[in-house]
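Engineer: Sending over query_36.csv (CSV, C-alpha atoms).
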```csv
chain,number,residue,atom,x,y,z
A,1,MET,CA,111.2,65.4,67.7
A,2,ASP,CA,111.0,69.2,68.4
A,3,ILE,CA,110.5,70.3,72.0
A,4,MET,CA,106.9,71.5,71.6
A,5,THR,CA,105.9,68.2,70.1
A,6,SER,CA,107.5,66.4,73.0
A,7,LEU,CA,105.7,68.7,75.5
A,8,LYS,CA,102.3,68.2,73.7
A,9,ASN,CA,102.8,64.4,73.8
A,10,LYS,CA,103.2,64.5,77.6
A,11,ILE,CA,99.8,66.2,78.2
A,12,HIS,CA,97.6,65.2,75.2
A,13,GLY,CA,94.3,63.7,76.3
A,14,LYS,CA,94.9,64.1,80.0
A,15,GLY,CA,92.4,66.8,80.5
A,16,ILE,CA,94.7,69.0,82.5
A,17,GLY,CA,92.7,72.1,83.5
A,18,ILE,CA,94.4,75.5,82.8
A,19,VAL,CA,92.7,78.7,83.8
A,20,PHE,CA,92.6,81.7,81.4
A,21,PRO,CA,91.3,84.7,83.4
A,22,GLU,CA,91.2,87.1,80.4
A,23,GLY,CA,88.1,85.7,78.7
A,24,ASN,CA,87.3,89.0,77.0
A,25,GLU,CA,90.6,89.0,75.0
A,26,PRO,CA,90.4,87.4,71.5
A,27,ARG,CA,94.0,86.1,71.5
A,28,VAL,CA,93.4,84.2,74.8
A,29,VAL,CA,90.0,82.8,73.7
A,30,GLN,CA,91.4,81.7,70.3
A,31,ALA,CA,94.3,79.9,72.0
A,32,ALA,CA,91.8,78.2,74.4
A,33,SER,CA,89.7,77.1,71.4
A,34,LEU,CA,92.6,75.5,69.6
A,35,LEU,CA,93.8,73.8,72.8
A,36,ALA,CA,90.3,72.3,73.3
A,37,ARG,CA,90.0,71.3,69.6
A,38,GLU,CA,93.3,69.4,69.8
A,39,ASN,CA,92.4,67.8,73.1
A,40,MET,CA,95.6,69.2,74.5
A,41,LEU,CA,94.2,70.3,77.8
A,42,HIS,CA,90.9,71.5,79.4
A,43,PRO,CA,90.7,75.3,79.0
A,44,ILE,CA,88.8,77.1,81.7
A,45,VAL,CA,88.0,80.7,80.5
A,46,ILE,CA,86.9,83.3,83.1
A,47,GLY,CA,84.4,85.9,82.0
A,48,ASN,CA,80.9,86.9,81.0
A,49,PRO,CA,79.7,84.2,78.6
A,50,GLU,CA,78.5,86.8,76.0
A,51,GLU,CA,81.8,88.6,76.1
A,52,VAL,CA,83.7,85.3,75.8
A,53,LYS,CA,81.6,84.4,72.7
A,54,ALA,CA,82.3,87.8,71.2
A,55,ALA,CA,86.0,87.5,71.8
A,56,ALA,CA,85.9,84.0,70.1
A,57,GLY,CA,84.4,85.4,66.9
A,58,GLU,CA,84.4,82.5,64.4
A,59,TRP,CA,86.4,80.2,66.8
A,60,SER,CA,84.5,77.3,68.3
A,61,LEU,CA,84.1,77.1,72.1
A,62,ASP,CA,83.4,73.4,72.1
A,63,GLY,CA,85.3,71.8,74.9
A,64,VAL,CA,86.0,75.2,76.5
A,65,GLU,CA,84.6,75.7,80.0
A,66,ILE,CA,83.4,79.2,80.7
A,67,ILE,CA,83.0,80.4,84.3
A,68,ASP,CA,81.2,83.6,85.1
A,69,PRO,CA,82.5,84.9,88.5
A,70,SER,CA,79.2,86.8,89.0
A,71,ASN,CA,77.2,83.6,88.7
A,72,TYR,CA,79.4,80.9,90.2
A,73,ASP,CA,78.0,78.2,92.5
A,74,LYS,CA,81.2,77.9,94.6
A,75,LEU,CA,81.7,81.6,95.2
A,76,GLU,CA,80.9,81.5,98.9
A,77,GLU,CA,83.2,78.5,99.4
A,78,MET,CA,85.9,80.5,97.5
A,79,VAL,CA,85.4,83.6,99.7
A,80,GLN,CA,85.7,81.6,102.9
A,81,GLU,CA,88.8,79.8,101.6
A,82,LEU,CA,90.5,83.0,100.6
A,83,VAL,CA,89.9,84.5,104.2
A,84,LYS,CA,91.5,81.3,105.6
A,85,VAL,CA,94.5,81.5,103.2
A,86,ARG,CA,95.1,85.1,103.9
A,87,LYS,CA,95.2,84.4,107.7
A,88,GLY,CA,93.8,87.6,109.0
A,89,LYS,CA,95.1,89.8,106.2
A,90,ALA,CA,91.7,89.9,104.5
A,91,THR,CA,88.2,90.2,106.0
A,92,GLU,CA,85.3,88.4,104.5
A,93,GLU,CA,84.2,91.6,102.9
A,94,GLN,CA,87.6,92.3,101.5
A,95,ALA,CA,87.9,88.7,100.2
A,96,ARG,CA,84.5,89.1,98.5
A,97,GLU,CA,85.9,92.2,96.7
A,98,MET,CA,89.1,90.5,95.8
A,99,VAL,CA,87.5,87.6,93.9
A,100,LYS,CA,85.8,90.1,91.7
A,101,ASN,CA,89.3,90.5,90.2
A,102,VAL,CA,89.6,87.8,87.5
A,103,ASN,CA,93.2,87.0,88.4
A,104,TYR,CA,92.4,86.4,92.1
A,105,PHE,CA,89.3,84.4,91.0
A,106,GLY,CA,91.4,82.3,88.7
A,107,THR,CA,94.2,81.8,91.2
A,108,MET,CA,91.6,80.6,93.7
A,109,LEU,CA,90.4,78.0,91.2
A,110,VAL,CA,94.0,76.6,91.1
A,111,HIS,CA,94.4,76.8,94.9
A,112,MET,CA,91.1,74.9,95.4
A,113,ASN,CA,92.3,72.1,93.0
A,114,LEU,CA,89.6,73.0,90.4
A,115,ALA,CA,92.4,73.7,87.9
A,116,ALA,CA,96.1,72.7,87.6
A,117,GLY,CA,97.6,76.1,86.6
A,118,LEU,CA,96.9,79.6,85.3
A,119,VAL,CA,98.0,81.7,82.3
A,120,SER,CA,97.4,85.5,82.3
A,121,GLY,CA,99.0,88.8,81.4
A,122,ALA,CA,97.8,89.4,77.8
A,123,ILE,CA,95.9,92.5,79.2
A,124,HIS,CA,97.3,92.6,82.8
A,125,SER,CA,100.6,93.6,84.2
A,126,THR,CA,103.1,91.1,85.6
A,127,GLY,CA,102.3,92.3,89.1
A,128,ASP,CA,98.6,91.7,88.5
A,129,THR,CA,99.3,88.1,87.5
A,130,ILE,CA,102.0,87.2,90.0
A,131,ARG,CA,100.7,88.9,93.1
A,132,PRO,CA,97.7,86.6,93.7
A,133,ALA,CA,99.9,83.6,93.1
A,134,LEU,CA,102.4,84.7,95.8
A,135,GLN,CA,99.6,85.5,98.2
A,136,ILE,CA,97.5,82.4,97.7
A,137,ILE,CA,99.5,79.6,96.0
A,138,LYS,CA,102.8,80.6,97.5
A,139,THR,CA,106.2,79.0,97.0
A,140,LYS,CA,107.1,75.3,97.4
A,141,PRO,CA,108.4,74.1,100.8
A,142,GLY,CA,112.1,74.9,101.0
A,143,VAL,CA,111.8,77.6,98.3
A,144,SER,CA,111.7,81.2,99.4
A,145,LYS,CA,111.3,83.0,96.1
A,146,THR,CA,109.8,82.4,92.7
A,147,PHE,CA,112.0,83.2,89.7
A,148,GLY,CA,111.7,83.3,85.9
A,149,TYR,CA,113.7,81.2,83.5
A,150,PHE,CA,113.9,81.0,79.7
A,151,ALA,CA,114.3,77.9,77.6
A,152,MET,CA,116.8,78.8,74.9
A,153,LEU,CA,116.3,76.6,71.9
A,154,LYS,CA,118.2,76.4,68.5
A,155,GLU,CA,118.1,73.4,66.3
A,156,ALA,CA,117.4,69.9,67.7
A,157,LYS,CA,120.2,69.5,70.2
A,158,ARG,CA,120.9,73.1,71.4
A,159,ARG,CA,118.7,73.4,74.4
A,160,TYR,CA,119.6,75.5,77.4
A,161,ILE,CA,118.0,76.9,80.6
A,162,PHE,CA,118.8,80.5,81.6
A,163,ALA,CA,117.8,81.7,85.1
A,164,ASP,CA,116.9,84.0,86.8
A,165,CYS,CA,116.1,86.4,83.9
A,166,ALA,CA,112.9,88.0,85.1
A,167,VAL,CA,112.1,88.5,88.7
A,168,ASN,CA,114.9,89.0,91.4
A,169,PRO,CA,117.4,91.8,91.0
A,170,SER,CA,119.9,90.7,93.6
A,171,PRO,CA,119.5,87.1,94.7
A,172,THR,CA,121.4,85.8,97.7
A,173,SER,CA,123.6,82.7,97.7
A,174,SER,CA,120.8,80.7,99.2
A,175,ASP,CA,118.4,82.0,96.4
A,176,ILE,CA,120.9,81.0,93.8
A,177,ALA,CA,121.0,77.4,95.2
A,178,GLU,CA,117.2,77.3,95.1
A,179,PHE,CA,117.2,78.5,91.5
A,180,ALA,CA,119.7,75.8,90.6
A,181,VAL,CA,117.5,73.0,92.0
A,182,GLU,CA,114.3,74.3,90.4
A,183,SER,CA,116.1,75.0,87.1
A,184,ALA,CA,117.4,71.4,87.0
A,185,LYS,CA,113.8,70.2,87.3
A,186,ALA,CA,112.8,72.6,84.5
A,187,ALA,CA,115.5,71.3,82.3
A,188,ARG,CA,114.2,67.7,82.6
A,189,MET,CA,110.8,69.0,81.4
A,190,PHE,CA,112.5,70.1,78.2
A,191,ASN,CA,114.3,66.8,77.9
A,192,ILE,CA,117.6,68.2,79.1
A,193,ASP,CA,119.9,66.2,81.4
A,194,PRO,CA,120.8,69.0,83.7
A,195,LYS,CA,124.4,70.1,84.2
A,196,VAL,CA,124.2,73.4,86.2
A,197,ALA,CA,126.7,76.2,86.0
A,198,LEU,CA,126.7,78.9,88.7
A,199,LEU,CA,128.0,81.8,86.6
A,200,SER,CA,130.4,84.5,87.4
A,201,PHE,CA,133.3,86.5,85.9
A,202,SER,CA,135.6,84.2,87.8
A,203,THR,CA,136.2,80.4,87.5
A,204,LEU,CA,136.8,78.5,90.8
A,205,GLY,CA,138.5,81.3,92.6
A,206,SER,CA,140.4,83.0,89.8
A,207,ALA,CA,139.1,86.2,91.2
A,208,LYS,CA,137.8,86.9,94.7
A,209,THR,CA,135.1,89.5,95.3
A,210,GLU,CA,131.8,89.7,97.1
A,211,GLU,CA,130.1,88.8,93.8
A,212,THR,CA,132.2,85.7,93.2
A,213,LYS,CA,131.9,84.7,96.8
A,214,LYS,CA,128.1,84.6,96.5
A,215,MET,CA,128.3,82.0,93.7
A,216,SER,CA,130.9,79.9,95.5
A,217,GLU,CA,128.7,80.0,98.6
A,218,ALA,CA,125.7,78.9,96.6
A,219,LYS,CA,127.8,75.9,95.5
A,220,ALA,CA,128.6,75.1,99.1
A,221,ILE,CA,124.9,75.2,100.0
A,222,LEU,CA,124.2,72.8,97.2
A,223,ASP,CA,127.0,70.5,98.5
A,224,GLY,CA,125.0,70.3,101.7
A,225,MET,CA,121.7,69.3,100.0
A,226,GLU,CA,120.5,66.1,98.4
A,227,THR,CA,120.7,66.7,94.7
A,228,ASP,CA,120.3,64.5,91.7
A,229,PHE,CA,122.2,66.6,89.1
A,230,ASP,CA,125.7,67.8,88.4
A,231,TYR,CA,126.6,71.4,89.3
A,232,ASP,CA,129.7,73.5,89.7
A,233,GLY,CA,130.7,77.1,90.3
A,234,GLU,CA,131.7,79.7,90.2
A,235,LEU,CA,132.3,79.4,86.4
A,236,GLN,CA,132.8,81.9,83.6
A,237,PHE,CA,130.4,81.4,80.8
A,238,ASP,CA,133.0,80.2,78.3
A,239,ALA,CA,134.4,77.7,80.9
A,240,ALA,CA,130.9,76.4,81.5
A,241,LEU,CA,130.0,76.1,77.8
A,242,VAL,CA,133.1,75.4,75.7
A,243,GLU,CA,134.8,72.0,76.2
A,244,GLY,CA,138.3,73.2,75.5
A,245,VAL,CA,138.0,76.2,77.8
A,246,GLY,CA,136.4,74.1,80.5
A,247,LYS,CA,139.2,71.5,80.4
A,248,LEU,CA,141.8,74.3,80.7
A,249,LYS,CA,140.2,76.4,83.4
A,250,ALA,CA,138.4,73.7,85.5
A,251,PRO,CA,139.9,70.3,84.4
A,252,ASN,CA,138.4,68.4,87.3
A,253,SER,CA,134.9,69.7,86.9
A,254,SER,CA,132.0,67.5,85.9
A,255,VAL,CA,130.2,70.5,84.5
A,256,ALA,CA,132.8,72.8,82.9
A,257,GLY,CA,132.5,72.6,79.1
A,258,GLN,CA,129.3,70.6,79.3
A,259,ALA,CA,126.8,73.0,81.1
A,260,ASN,CA,123.3,73.3,79.8
A,261,VAL,CA,121.6,75.1,82.7
A,262,PHE,CA,123.0,78.6,83.5
A,263,VAL,CA,122.2,80.3,86.8
A,264,PHE,CA,123.2,84.0,86.6
A,265,PRO,CA,124.4,86.0,89.6
A,266,CYS,CA,121.9,88.8,89.2
A,267,LEU,CA,118.9,89.9,87.1
A,268,ASN,CA,121.0,92.4,85.2
A,269,SER,CA,123.3,89.7,83.8
A,270,GLY,CA,120.5,87.1,83.3
A,271,ASN,CA,118.2,89.4,81.4
A,272,ILE,CA,121.1,90.8,79.2
A,273,GLY,CA,122.5,87.3,78.7
A,274,TYR,CA,119.3,85.7,77.3
A,275,LYS,CA,118.7,88.7,75.0
A,276,ILE,CA,122.2,88.5,73.6
A,277,ALA,CA,121.6,84.8,72.9
A,278,GLN,CA,118.2,85.6,71.3
A,279,ARG,CA,119.1,88.6,69.2
A,280,LEU,CA,122.7,87.8,68.2
A,281,GLY,CA,122.8,84.1,68.6
A,282,GLY,CA,119.4,83.4,66.9
A,283,TYR,CA,118.1,81.3,69.8
A,284,GLU,CA,114.3,81.0,70.4
A,285,ALA,CA,113.6,82.3,73.9
A,286,ILE,CA,110.6,80.6,75.5
A,287,GLY,CA,109.5,82.4,78.6
A,288,PRO,CA,109.8,83.8,81.1
A,289,ILE,CA,108.5,80.7,82.8
A,290,LEU,CA,107.9,81.1,86.5
A,291,ALA,CA,109.3,78.5,88.8
A,292,GLY,CA,109.2,77.8,92.5
A,293,LEU,CA,105.5,78.1,93.1
A,294,ASN,CA,103.4,75.3,94.6
A,295,LYS,CA,101.3,75.2,91.4
A,296,PRO,CA,102.2,76.8,88.0
A,297,VAL,CA,101.2,80.3,87.1
A,298,ASN,CA,102.7,82.0,84.1
A,299,ASP,CA,102.7,85.6,82.9
A,300,LEU,CA,102.2,86.6,79.3
A,301,SER,CA,103.6,89.7,77.6
A,302,ARG,CA,100.9,92.2,76.8
A,303,GLY,CA,102.2,92.1,73.2
A,304,CYS,CA,101.8,88.3,73.0
A,305,SER,CA,100.1,86.5,70.1
A,306,ALA,CA,97.5,83.7,70.3
A,307,GLU,CA,100.4,81.3,69.5
A,308,ASP,CA,102.3,82.6,72.5
A,309,VAL,CA,99.2,82.0,74.7
A,310,TYR,CA,98.9,78.5,73.2
A,311,SER,CA,102.6,77.6,73.9
A,312,THR,CA,102.6,79.0,77.4
A,313,ALA,CA,99.5,77.0,78.3
A,314,ILE,CA,101.2,73.8,77.1
A,315,ILE,CA,104.3,74.6,79.2
A,316,THR,CA,102.1,75.4,82.2
A,317,ALA,CA,100.3,72.1,81.9
A,318,ASN,CA,103.6,70.3,81.7
A,319,GLN,CA,104.8,72.1,84.9
A,320,SER,CA,101.8,70.7,86.7
A,321,LEU,CA,103.1,67.2,86.1
A,322,LEU,CA,106.5,67.9,87.8
```
Any chance you could put this one into structure tokens?

Structural biologist:
Amino acid sequence: MDIMTSLKNKIHGKGIGIVFPEGNEPRVVQAASLLARENMLHPIVIGNPEEVKAAAGEWSLDGVEIIDPSNYDKLEEMVQELVKVRKGKATEEQAREMVKNVNYFGTMLVHMNLAAGLVSGAIHSTGDTIRPALQIIKTKPGVSKTFGYFAMLKEAKRRYIFADCAVNPSPTSSDIAEFAVESAKAARMFNIDPKVALLSFSTLGSAKTEETKKMSEAKAILDGMETDFDYDGELQFDAALVEGVGKLKAPNSSVAGQANVFVFPCLNSGNIGYKIAQRLGGYEAIGPILAGLNKPVNDLSRGCSAEDVYSTAIITANQSLL
């Protein structure tokens, strides 16, 4: 069974509500139509109904809920809740203006438990998508930062998680530990039994610099936490991945040579690493998928296809079950 089929099976028929704020974008509305037709989830499209119908073209809107922010019966409740959430950072007048923005409006639907997650970014920047989530949904208890991971897939059994590849340029050791915990949870969503490698150019003290110290300190932080997955670090990539190298460089490690979740020391290495695997190694890179938020919000590329919107929505619905 391929991974997308597995993810579909987990959500099919459950009616999980996913918000699509960009209801005037044909790629988004077409994906919502297909998701509704397959009973994969409950698509909630934001926009003027006539514009949504125009974007749909020949695609059916049966099963797609359309919400027009300018004619929404819970708008006053939403405005008051936004003022409450922003805790003095937004007046009622400012909140009323904010919810005219479709990403803020959609994020408030998620916050108010009227939807389980949100997918945006086909015609908005990453900042426009993520900012409302950070201000309103916020990060999980014990998690200080959101981050972006990729599921790297090739053939049936080659499944890996790479993090952080999208958000934080210079994470601290405590950030790295948080990324490891949340990445392990993400791995299980993709049917991966997590073995987490904290990556570096050094293996277990073979070199000592501030960079390697950060990863070994992250490991020490994990040692002080209650975890339910194997982890080790700092590890070089070959020691983490290749069994023979792992046995040679870290013979007593439960992760070396077996790792399938790779936490990179910085955004430079993470972003470069996933693109090398994608372009030279022929891996399919699914993501970036945002992790660490109280409820799932995911950002699309503005060059995305309707198929990308469809797949991201399925992943977002699965995240809501974690």

Engineer: For Leu198 (chain A), which of A:Ser144, A:Ser120, A:Thr139, A:Asn260 is the closest residue, counting all atoms listed in the file?

Structural biologist: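 Comparing A:Ser144, A:Ser120, A:Thr139, A:Asn260 against Leu198 (chain A), the winner is A:Asn260.
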
Engineer: At a cut-off of 9 Å from (105.1, 75.9, 90.4) in the coordinates of the file, what residues are picked up using only C-alpha atoms, written as a count of residues only?

Structural biologist: 18

Engineer: For CA of Gly287 (chain A) and CA of Lys8 (chain A), quote the distance in Å rounded to one decimal.

Structural biologist: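 For CA of Gly287 (chain A) relative to CA of Lys8 (chain A), the distance reads 16.7 Å.
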
Engineer: List the neighbours of region 11-19 of chain A out to 7 Å using all atoms listed in the file; skip same-chain residues closer than 4 positions along the sequence, and give me the result as a PyMOL selection string.

Structural biologist: chain A and resi 7+39-45+106+115-119+313+317-318

Engineer: Can you tell me which residues surround Met215 (chain A) at a distance of at most 9 Å, considering all atoms listed in the file, apart from same-chain residues fewer than 2 positions away, and format the answer as a list in words?

Structural biologist: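 My list of contacting residues is Thr172, Ser173, Ile176, Ala177, Leu198, Leu199, Ser200, Glu211, Thr212, Lys213, Glu217, Ala218, Lys219, Ala220, Gly233, Glu234, Leu235, Phe264 and Pro265 of chain A.
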
Engineer: Keeping C-alpha atoms for every residue in the selection just given, could you write it to a file as an mmCIF file, in the frame of the given file?

Structural biologist:
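That gives us selection_22.cif:
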```
data_model
loop_
_atom_site.group_PDB
_atom_site.id
_atom_site.type_symbol
_atom_site.label_atom_id
_atom_site.label_comp_id
_atom_site.auth_asym_id
_atom_site.auth_seq_id
_atom_site.Cartn_x
_atom_site.Cartn_y
_atom_site.Cartn_z
ATOM 1 C CA THR A 172 121.400 85.800 97.700
ATOM 2 C CA SER A 173 123.600 82.700 97.700
ATOM 3 C CA ILE A 176 120.900 81.000 93.800
ATOM 4 C CA ALA A 177 121.000 77.400 95.200
ATOM 5 C CA LEU A 198 126.700 78.900 88.700
ATOM 6 C CA LEU A 199 128.000 81.800 86.600
ATOM 7 C CA SER A 200 130.400 84.500 87.400
ATOM 8 C CA GLU A 211 130.100 88.800 93.800
ATOM 9 C CA THR A 212 132.200 85.700 93.200
ATOM 10 C CA LYS A 213 131.900 84.700 96.800
ATOM 11 C CA GLU A 217 128.700 80.000 98.600
ATOM 12 C CA ALA A 218 125.700 78.900 96.600
ATOM 13 C CA LYS A 219 127.800 75.900 95.500
ATOM 14 C CA ALA A 220 128.600 75.100 99.100
ATOM 15 C CA GLY A 233 130.700 77.100 90.300
ATOM 16 C CA GLU A 234 131.700 79.700 90.200
ATOM 17 C CA LEU A 235 132.300 79.400 86.400
ATOM 18 C CA PHE A 264 123.200 84.000 86.600
ATOM 19 C CA PRO A 265 124.400 86.000 89.600
#
```

Engineer: Please measure the separation of CA of Gly142 (chain A) and CA of Phe179 (chain A), giving the value in Å to one decimal.

Structural biologist: 11.4 Å

Engineer: For CA of Ile289 (chain A) and CA of Met112 (chain A), determine how far apart the two atoms are, in Å to one decimal place.

Structural biologist: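 Result for CA of Ile289 (chain A) versus CA of Met112 (chain A): 22.3 Å, one decimal.
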
Engineer: Could you extract region 282-304 of chain A of the given structure into a file holding N, CA, C and O atoms, as a PDB file, in the first residue's frame?

Structural biologist:
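The resulting file, part05.pdb, is shown below:
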```
ATOM      1  N   GLY A 282      16.277  11.214  -6.456  1.00  0.00           N
ATOM      2  CA  GLY A 282      15.009  10.800  -7.034  1.00  0.00           C
ATOM      3  C   GLY A 282      13.904  10.580  -6.031  1.00  0.00           C
ATOM      4  O   GLY A 282      12.913   9.898  -6.315  1.00  0.00           O
ATOM      5  N   TYR A 283      14.020  11.177  -4.844  1.00  0.00           N
ATOM      6  CA  TYR A 283      12.976  11.046  -3.823  1.00  0.00           C
ATOM      7  C   TYR A 283      11.840  12.035  -4.090  1.00  0.00           C
ATOM      8  O   TYR A 283      12.074  13.151  -4.540  1.00  0.00           O
ATOM      9  N   GLU A 284      10.628  11.597  -3.798  1.00  0.00           N
ATOM     10  CA  GLU A 284       9.496  12.515  -3.797  1.00  0.00           C
ATOM     11  C   GLU A 284       9.505  13.266  -2.481  1.00  0.00           C
ATOM     12  O   GLU A 284       9.584  12.656  -1.413  1.00  0.00           O
ATOM     13  N   ALA A 285       9.446  14.584  -2.548  1.00  0.00           N
ATOM     14  CA  ALA A 285       9.479  15.417  -1.345  1.00  0.00           C
ATOM     15  C   ALA A 285       8.088  15.967  -1.090  1.00  0.00           C
ATOM     16  O   ALA A 285       7.607  16.823  -1.830  1.00  0.00           O
ATOM     17  N   ILE A 286       7.409  15.475  -0.071  1.00  0.00           N
ATOM     18  CA  ILE A 286       6.078  15.951   0.282  1.00  0.00           C
ATOM     19  C   ILE A 286       6.221  16.977   1.390  1.00  0.00           C
ATOM     20  O   ILE A 286       6.670  16.675   2.489  1.00  0.00           O
ATOM     21  N   GLY A 287       5.842  18.211   1.106  1.00  0.00           N
ATOM     22  CA  GLY A 287       5.969  19.260   2.091  1.00  0.00           C
ATOM     23  C   GLY A 287       6.322  20.588   1.451  1.00  0.00           C
ATOM     24  O   GLY A 287       6.249  20.724   0.231  1.00  0.00           O
ATOM     25  N   PRO A 288       6.732  21.582   2.264  1.00  0.00           N
ATOM     26  CA  PRO A 288       6.927  21.449   3.709  1.00  0.00           C
ATOM     27  C   PRO A 288       5.604  21.328   4.462  1.00  0.00           C
ATOM     28  O   PRO A 288       4.624  21.968   4.100  1.00  0.00           O
ATOM     29  N   ILE A 289       5.601  20.482   5.455  1.00  0.00           N
ATOM     30  CA  ILE A 289       4.440  20.270   6.310  1.00  0.00           C
ATOM     31  C   ILE A 289       4.756  20.933   7.646  1.00  0.00           C
ATOM     32  O   ILE A 289       5.786  20.637   8.252  1.00  0.00           O
ATOM     33  N   LEU A 290       3.901  21.830   8.084  1.00  0.00           N
ATOM     34  CA  LEU A 290       4.149  22.546   9.331  1.00  0.00           C
ATOM     35  C   LEU A 290       3.811  21.670  10.531  1.00  0.00           C
ATOM     36  O   LEU A 290       2.799  20.970  10.530  1.00  0.00           O
ATOM     37  N   ALA A 291       4.653  21.723  11.530  1.00  0.00           N
ATOM     38  CA  ALA A 291       4.440  20.954  12.756  1.00  0.00           C
ATOM     39  C   ALA A 291       4.621  21.864  13.960  1.00  0.00           C
ATOM     40  O   ALA A 291       5.253  22.919  13.878  1.00  0.00           O
ATOM     41  N   GLY A 292       4.051  21.438  15.086  1.00  0.00           N
ATOM     42  CA  GLY A 292       4.210  22.179  16.329  1.00  0.00           C
ATOM     43  C   GLY A 292       3.051  23.074  16.688  1.00  0.00           C
ATOM     44  O   GLY A 292       2.996  23.603  17.801  1.00  0.00           O
ATOM     45  N   LEU A 293       2.097  23.272  15.769  1.00  0.00           N
ATOM     46  CA  LEU A 293       0.937  24.108  16.068  1.00  0.00           C
ATOM     47  C   LEU A 293      -0.124  23.307  16.818  1.00  0.00           C
ATOM     48  O   LEU A 293      -0.190  22.078  16.712  1.00  0.00           O
ATOM     49  N   ASN A 294      -0.981  24.015  17.549  1.00  0.00           N
ATOM     50  CA  ASN A 294      -2.079  23.359  18.256  1.00  0.00           C
ATOM     51  C   ASN A 294      -3.042  22.661  17.310  1.00  0.00           C
ATOM     52  O   ASN A 294      -3.618  21.626  17.650  1.00  0.00           O
ATOM     53  N   LYS A 295      -3.224  23.239  16.133  1.00  0.00           N
ATOM     54  CA  LYS A 295      -4.071  22.649  15.107  1.00  0.00           C
ATOM     55  C   LYS A 295      -3.366  22.837  13.772  1.00  0.00           C
ATOM     56  O   LYS A 295      -2.651  23.822  13.575  1.00  0.00           O
ATOM     57  N   PRO A 296      -3.585  21.920  12.819  1.00  0.00           N
ATOM     58  CA  PRO A 296      -2.762  21.961  11.604  1.00  0.00           C
ATOM     59  C   PRO A 296      -3.127  23.067  10.624  1.00  0.00           C
ATOM     60  O   PRO A 296      -4.295  23.285  10.293  1.00  0.00           O
ATOM     61  N   VAL A 297      -2.103  23.762  10.176  1.00  0.00           N
ATOM     62  CA  VAL A 297      -2.197  24.756   9.108  1.00  0.00           C
ATOM     63  C   VAL A 297      -1.039  24.477   8.162  1.00  0.00           C
ATOM     64  O   VAL A 297       0.103  24.323   8.610  1.00  0.00           O
ATOM     65  N   ASN A 298      -1.319  24.391   6.863  1.00  0.00           N
ATOM     66  CA  ASN A 298      -0.250  24.115   5.920  1.00  0.00           C
ATOM     67  C   ASN A 298      -0.231  25.105   4.773  1.00  0.00           C
ATOM     68  O   ASN A 298      -1.270  25.580   4.311  1.00  0.00           O
ATOM     69  N   ASP A 299       0.984  25.394   4.326  1.00  0.00           N
ATOM     70  CA  ASP A 299       1.250  26.408   3.323  1.00  0.00           C
ATOM     71  C   ASP A 299       1.567  25.749   1.982  1.00  0.00           C
ATOM     72  O   ASP A 299       2.423  24.871   1.903  1.00  0.00           O
ATOM     73  N   LEU A 300       0.873  26.180   0.951  1.00  0.00           N
ATOM     74  CA  LEU A 300       1.122  25.693  -0.402  1.00  0.00           C
ATOM     75  C   LEU A 300       2.161  26.567  -1.102  1.00  0.00           C
ATOM     76  O   LEU A 300       2.364  27.725  -0.737  1.00  0.00           O
ATOM     77  N   SER A 301       2.785  26.018  -2.117  1.00  0.00           N
ATOM     78  CA  SER A 301       3.595  26.840  -3.016  1.00  0.00           C
ATOM     79  C   SER A 301       2.663  27.567  -3.973  1.00  0.00           C
ATOM     80  O   SER A 301       1.634  27.029  -4.391  1.00  0.00           O
ATOM     81  N   ARG A 302       3.018  28.789  -4.333  1.00  0.00           N
ATOM     82  CA  ARG A 302       2.177  29.512  -5.284  1.00  0.00           C
ATOM     83  C   ARG A 302       2.222  28.890  -6.681  1.00  0.00           C
ATOM     84  O   ARG A 302       1.393  29.181  -7.525  1.00  0.00           O
ATOM     85  N   GLY A 303       3.183  28.004  -6.900  1.00  0.00           N
ATOM     86  CA  GLY A 303       3.238  27.267  -8.162  1.00  0.00           C
ATOM     87  C   GLY A 303       2.578  25.901  -8.070  1.00  0.00           C
ATOM     88  O   GLY A 303       2.765  25.059  -8.954  1.00  0.00           O
ATOM     89  N   CYS A 304       1.795  25.668  -7.031  1.00  0.00           N
ATOM     90  CA  CYS A 304       1.218  24.346  -6.793  1.00  0.00           C
ATOM     91  C   CYS A 304       0.189  23.975  -7.861  1.00  0.00           C
ATOM     92  O   CYS A 304      -0.398  24.825  -8.518  1.00  0.00           O
TER      93      CYS A 304
END
```
